[in-house]
>>> print(open('start38.cif').read())   # mmCIF, C-alpha atoms
data_my_file
loop_
_atom_site.label_atom_id
_atom_site.label_comp_id
_atom_site.auth_asym_id
_atom_site.auth_seq_id
_atom_site.Cartn_x
_atom_site.Cartn_y
_atom_site.Cartn_z
CA MET A 229 53.61 59.31 -0.31
CA ASP A 230 53.55 55.81 -1.80
CA VAL A 231 56.71 54.05 -0.68
CA LEU A 232 57.62 52.99 -4.25
CA ALA A 233 56.71 56.25 -5.99
CA VAL A 234 59.38 58.50 -7.47
CA PRO A 235 58.58 62.20 -7.98
CA ALA A 236 59.00 63.71 -11.43
CA HIS A 237 61.46 66.25 -10.00
CA ARG A 238 63.82 64.72 -7.44
CA HIS A 239 65.03 67.63 -5.36
CA LYS A 240 67.88 66.97 -2.94
CA GLY A 241 66.50 65.18 0.11
CA TRP A 242 63.13 64.32 -1.45
CA TYR A 243 63.40 60.83 0.05
CA LEU A 244 63.25 62.14 3.63
CA SER A 245 59.47 62.22 3.38
CA LEU A 246 59.55 58.42 3.20
CA MET A 247 60.87 58.06 6.74
CA ALA A 248 58.29 56.58 9.09
CA PRO A 249 57.77 58.02 12.58
CA ASN A 250 58.20 55.88 15.68
CA THR A 251 54.91 54.40 16.93
CA LYS A 252 56.41 52.12 19.61
CA GLY A 253 57.64 54.56 22.25
CA PRO A 254 60.90 55.92 23.69
CA ALA A 255 62.80 52.60 23.68
CA PHE A 256 63.02 52.95 19.89
CA ALA A 257 64.62 55.50 17.58
CA TRP A 258 62.20 58.33 16.85
CA LEU A 259 62.44 57.98 13.06
CA ASP A 260 62.89 54.89 10.90
CA PRO A 261 64.76 55.51 7.63
CA SER A 262 64.41 51.86 6.60
CA ARG A 263 61.22 52.71 4.69
CA LEU A 264 63.16 54.86 2.24
CA TYR A 265 65.46 51.89 1.49
CA CYS A 266 62.44 50.11 -0.04
CA ASN A 267 62.47 52.67 -2.84
CA SER A 268 65.45 51.94 -5.09
CA GLN A 269 65.69 55.52 -6.38
CA ALA A 270 65.43 56.94 -2.87
CA LEU A 271 68.23 54.67 -1.68
CA ALA A 272 70.41 55.56 -4.67
CA ASP A 273 69.84 59.30 -4.20
CA CYS A 274 70.45 59.07 -0.45
CA VAL A 275 73.77 57.28 -1.00
CA ALA A 276 74.78 59.76 -3.71
CA ASP A 277 74.10 62.67 -1.35
CA LEU A 278 76.11 61.00 1.43
CA LEU A 279 79.09 60.36 -0.85
CA SER A 280 79.14 63.74 -2.57
CA PRO A 281 81.35 65.50 0.03
CA PHE A 282 83.98 62.76 -0.32
CA SER A 283 84.21 62.81 -4.12
CA SER A 284 87.75 64.19 -4.07
CA ASP A 285 88.96 61.94 -1.24
CA THR A 286 90.69 58.59 -1.48
CA VAL A 287 88.51 55.93 0.15
CA ASP A 288 89.93 52.41 0.30
CA LEU A 289 87.15 50.76 2.29
CA VAL A 290 83.66 51.49 3.58
CA ALA A 291 82.81 50.25 7.07
CA GLY A 292 79.19 49.96 8.22
CA ILE A 293 77.97 49.61 11.78
CA ASP A 294 75.76 46.69 12.87
CA ALA A 295 73.05 46.51 11.83
CA MET A 296 71.33 49.31 9.90
CA GLY A 297 74.66 50.79 8.85
CA PHE A 298 75.15 47.65 6.78
CA ILE A 299 72.48 48.77 4.30
CA LEU A 300 73.84 52.25 3.60
CA GLY A 301 77.45 51.14 4.00
CA ALA A 302 77.21 48.27 1.51
CA SER A 303 75.32 50.52 -0.92
CA ALA A 304 78.00 53.21 -0.58
CA ALA A 305 80.78 50.64 -1.07
CA THR A 306 79.12 49.33 -4.23
CA SER A 307 78.68 52.85 -5.55
CA LEU A 308 82.36 53.62 -4.94
CA GLY A 309 83.56 50.27 -6.26
CA LYS A 310 85.20 49.55 -2.90
CA GLY A 311 85.03 46.75 -0.35
CA PHE A 312 82.77 46.71 2.68
CA LEU A 313 83.76 45.92 6.27
CA ALA A 314 81.09 45.00 8.81
CA ILE A 315 81.64 46.36 12.30
CA ARG A 316 79.68 43.88 14.40
CA LYS A 317 78.04 43.62 17.76
CA ALA A 318 80.20 41.49 20.03
CA GLY A 319 79.98 37.73 19.68
CA HIS A 320 79.06 37.50 16.00
CA LEU A 321 82.51 37.13 14.44
CA CYS A 322 84.25 33.73 14.49
CA VAL A 323 87.74 35.18 13.95
CA ALA A 324 90.24 37.16 16.02
CA THR A 325 88.81 40.60 16.77
CA GLN A 326 89.47 44.01 18.29
CA SER A 327 86.65 45.14 20.57
CA GLN A 328 85.42 48.45 21.96
CA ASN A 329 82.83 49.15 24.66
CA TYR A 330 80.27 51.93 24.21
CA SER A 331 76.85 53.20 25.30
CA ASP A 332 74.15 53.29 22.61
CA TYR A 333 71.37 55.87 22.21
CA THR A 334 69.26 54.11 24.88
CA GLY A 335 72.12 54.30 27.39
CA ARG A 336 72.77 50.56 27.36
CA GLU A 337 76.36 49.38 27.64
CA LYS A 338 77.43 47.31 24.63
CA THR A 339 80.51 46.09 22.83
CA MET A 340 81.31 46.15 19.13
CA GLU A 341 84.14 44.43 17.32
CA THR A 342 85.87 44.08 14.02
CA ARG A 343 88.21 41.53 12.51
CA LEU A 344 91.97 42.11 12.74
CA ASP A 345 93.05 41.20 9.22
CA VAL A 346 91.64 44.12 7.22
CA LEU A 347 92.35 47.43 8.93
CA LYS A 348 95.99 48.51 8.97
CA PRO A 349 98.07 51.68 8.62
CA GLY A 350 97.49 53.39 5.29
CA VAL A 351 93.92 52.09 4.83
CA ARG A 352 91.49 55.00 4.47
CA VAL A 353 88.01 54.20 5.78
CA LEU A 354 84.63 55.86 5.34
CA LEU A 355 82.41 55.00 8.33
CA VAL A 356 78.67 54.72 7.68
CA ASP A 357 75.69 54.32 9.98
CA GLN A 358 72.00 55.01 9.64
CA TRP A 359 71.61 57.66 12.35
CA ILE A 360 73.88 59.37 14.87
CA GLU A 361 72.00 60.35 18.00
CA THR A 362 74.25 60.41 21.07
CA GLY A 363 77.34 59.61 19.02
CA GLY A 364 78.47 56.77 21.30
CA THR A 365 78.21 54.04 18.69
CA MET A 366 80.03 56.02 15.98
CA LYS A 367 82.73 57.17 18.39
CA ALA A 368 83.39 53.53 19.32
CA ALA A 369 83.62 52.60 15.63
CA ILE A 370 86.08 55.45 15.06
CA GLU A 371 88.18 54.21 17.97
CA LEU A 372 88.18 50.67 16.57
CA VAL A 373 89.39 51.83 13.17
CA GLU A 374 92.09 54.05 14.65
CA GLN A 375 93.28 51.46 17.19
CA LEU A 376 94.15 49.22 14.26
CA GLY A 377 96.11 52.02 12.58
CA ALA A 378 93.71 52.86 9.75
CA THR A 379 92.55 56.39 8.96
CA VAL A 380 88.95 57.62 9.19
CA VAL A 381 88.37 59.64 6.02
CA GLY A 382 84.93 60.68 7.20
CA VAL A 383 81.60 59.74 8.70
CA ALA A 384 78.29 59.45 6.83
CA ALA A 385 74.75 58.99 8.17
CA VAL A 386 71.22 59.95 7.17
CA ALA A 387 71.18 62.32 10.15
CA VAL A 388 73.56 63.56 12.81
CA GLU A 389 71.89 65.11 15.85
CA ASN A 390 73.52 68.08 17.55
CA THR A 391 74.00 66.25 20.83
CA THR A 392 77.30 66.47 22.70
CA GLY A 393 78.50 63.33 20.92
CA GLY A 394 77.16 64.40 17.55
CA LYS A 395 78.92 67.76 17.85
CA TRP A 396 82.17 66.04 18.86
CA ILE A 397 82.07 63.95 15.70
CA LYS A 398 81.30 67.02 13.56
CA ASP A 399 84.13 68.95 15.20
CA ASN A 400 86.74 66.24 14.76
CA TYR A 401 85.86 64.48 11.48
CA ARG A 402 84.45 65.26 8.06
CA VAL A 403 80.75 64.46 8.28
CA SER A 404 78.12 63.96 5.61
CA HIS A 405 74.38 63.71 6.27
CA CYS A 406 71.14 64.24 4.40
CA ILE A 407 69.30 66.72 6.63
CA PRO A 408 68.98 70.26 5.18
CA LYS A 409 69.78 73.16 7.51
CA GLU A 410 66.13 74.18 7.69
CA LEU A 411 65.16 70.76 9.10
CA GLN A 412 68.10 70.20 11.47
CA SER A 413 66.26 71.80 14.41
CA GLN A 414 63.44 69.25 13.98
CA VAL A 415 65.99 66.44 14.13
CA ASP A 416 67.53 67.93 17.26
CA ARG A 417 64.09 68.34 18.92
CA LYS A 418 62.98 64.87 17.74
CA GLN A 419 59.88 66.32 16.12
CA LEU A 420 58.27 65.51 12.81
CA GLU A 421 56.77 68.67 11.34
CA SER A 422 57.91 69.27 7.77
CA PHE A 423 59.46 65.86 7.12
CA LYS A 424 56.22 64.27 5.96
CA SER A 425 55.87 66.62 3.05
CA PHE A 426 59.50 67.61 2.53
CA ASN A 427 60.28 67.71 -1.18
CA CYS A 428 62.56 70.65 -1.75
#
>>> encode(input="start38.cif", output="structure tokens")
Amino acid sequence: MDVLAVPAHRHKGWYLSLMAPNTKGPAFAWLDPSRLYCNSQALADCVADLLSPFSSDTVDLVAGIDAMGFILGASAATSLGKGFLAIRKAGHLCVATQSQNYSDYTGREKTMETRLDVLKPGVRVLLVDQWIETGGTMKAAIELVEQLGATVVGVAAVAVENTTGGKWIKDNYRVSHCIPKELQSQVDRKQLESFKSFNC
């Protein structure tokens, strides 16, 4: 499918066919949703699908995780008419911060941080990232938000894998993702069978 094309009938999840498979090996994520962000309608529909489960919730702020969560998070914040908070990799913020260590999907130990002057008791936050694989990154972001007294309204990502960490997030928080039930097993097996032609 042409990256800029928009089908005449946009069924829920039609944009998943725009995701490009990994060609660089196991050190990289197995799918790359960034291709669908190049299509303005695909991005808009993806964000709308992610926000739909939270339509009756009060969201004060959207927080996106460095770096790909910035794209979906900022788009979601704009759609909701809310502010956006960047949760950064350590060392990028020049202000006082709260930090949290975690292991990413490659198993590397990292640290993320957020500024201290935004999150506080009573602030309701929607956390957004591109993909949840092991769940370590999102769990660390949840801990950051809650350490500062704010409330996690929910978690949104293009996909949430049914790993131990992914299941923990699903069991403990409201979660929104774009993967239909019939394709979840492909996500969990890290295989690309029907995604290329998915348009239903």
>>> resolve_selection(input="start38.cif", expression="the PyMOL selection byres ((chain A and resi 232) around 8)", output="PyMOL selection string")
chain A and resi 230-231+233-234+266-268
>>> closest_residue(input="start38.cif", among="A:Arg417, A:Ile360, A:Leu354, A:Leu271", to="Asp285 of chain A", atoms="all atoms listed in the file")
A:Leu354
>>> closest_residue(input="start38.cif", among="A:Cys406, A:Ile299, A:Ile370, A:Ala291", to="Trp242 of chain A", atoms="all atoms listed in the file")
A:Cys406
>>> resolve_selection(input="start38.cif", expression="the PyMOL selection byres ((chain A and resi 383) around 9)", output="PyMOL selection string")
chain A and resi 353-357+366+370+380-382+384-385+397-398+401-405
>>> write_last_selection(input="start38.cif", atoms="C-alpha atoms", output="PDB file, in the frame of the given file")
ATOM      1  CA  VAL A 353      88.010  54.200   5.780  1.00  0.00           C
ATOM      2  CA  LEU A 354      84.630  55.860   5.340  1.00  0.00           C
ATOM      3  CA  LEU A 355      82.410  55.000   8.330  1.00  0.00           C
ATOM      4  CA  VAL A 356      78.670  54.720   7.680  1.00  0.00           C
ATOM      5  CA  ASP A 357      75.690  54.320   9.980  1.00  0.00           C
ATOM      6  CA  MET A 366      80.030  56.020  15.980  1.00  0.00           C
ATOM      7  CA  ILE A 370      86.080  55.450  15.060  1.00  0.00           C
ATOM      8  CA  VAL A 380      88.950  57.620   9.190  1.00  0.00           C
ATOM      9  CA  VAL A 381      88.370  59.640   6.020  1.00  0.00           C
ATOM     10  CA  GLY A 382      84.930  60.680   7.200  1.00  0.00           C
ATOM     11  CA  ALA A 384      78.290  59.450   6.830  1.00  0.00           C
ATOM     12  CA  ALA A 385      74.750  58.990   8.170  1.00  0.00           C
ATOM     13  CA  ILE A 397      82.070  63.950  15.700  1.00  0.00           C
ATOM     14  CA  LYS A 398      81.300  67.020  13.560  1.00  0.00           C
ATOM     15  CA  TYR A 401      85.860  64.480  11.480  1.00  0.00           C
ATOM     16  CA  ARG A 402      84.450  65.260   8.060  1.00  0.00           C
ATOM     17  CA  VAL A 403      80.750  64.460   8.280  1.00  0.00           C
ATOM     18  CA  SER A 404      78.120  63.960   5.610  1.00  0.00           C
ATOM     19  CA  HIS A 405      74.380  63.710   6.270  1.00  0.00           C
TER      20      HIS A 405
END
>>> residues_around(input="start38.cif", residues="Arg238 of chain A", least_positions_apart="2", cutoff="10 Å", atoms="all atoms listed in the file", output="JSON, numbers by chain")
{"A": [234, 235, 236, 240, 241, 242, 243, 269, 270, 273, 427, 428]}
>>> write_last_selection(input="start38.cif", atoms="C-alpha atoms", output="compact mmCIF listing (two decimals), in the coordinates of the input")
# COMPACT_ATOMS: atom_id res chain seq x y z
CA VAL A 234 59.38 58.50 -7.47
CA PRO A 235 58.58 62.20 -7.98
CA ALA A 236 59.00 63.71 -11.43
CA LYS A 240 67.88 66.97 -2.94
CA GLY A 241 66.50 65.18 0.11
CA TRP A 242 63.13 64.32 -1.45
CA TYR A 243 63.40 60.83 0.05
CA GLN A 269 65.69 55.52 -6.38
CA ALA A 270 65.43 56.94 -2.87
CA ASP A 273 69.84 59.30 -4.20
CA ASN A 427 60.28 67.71 -1.18
CA CYS A 428 62.56 70.65 -1.75
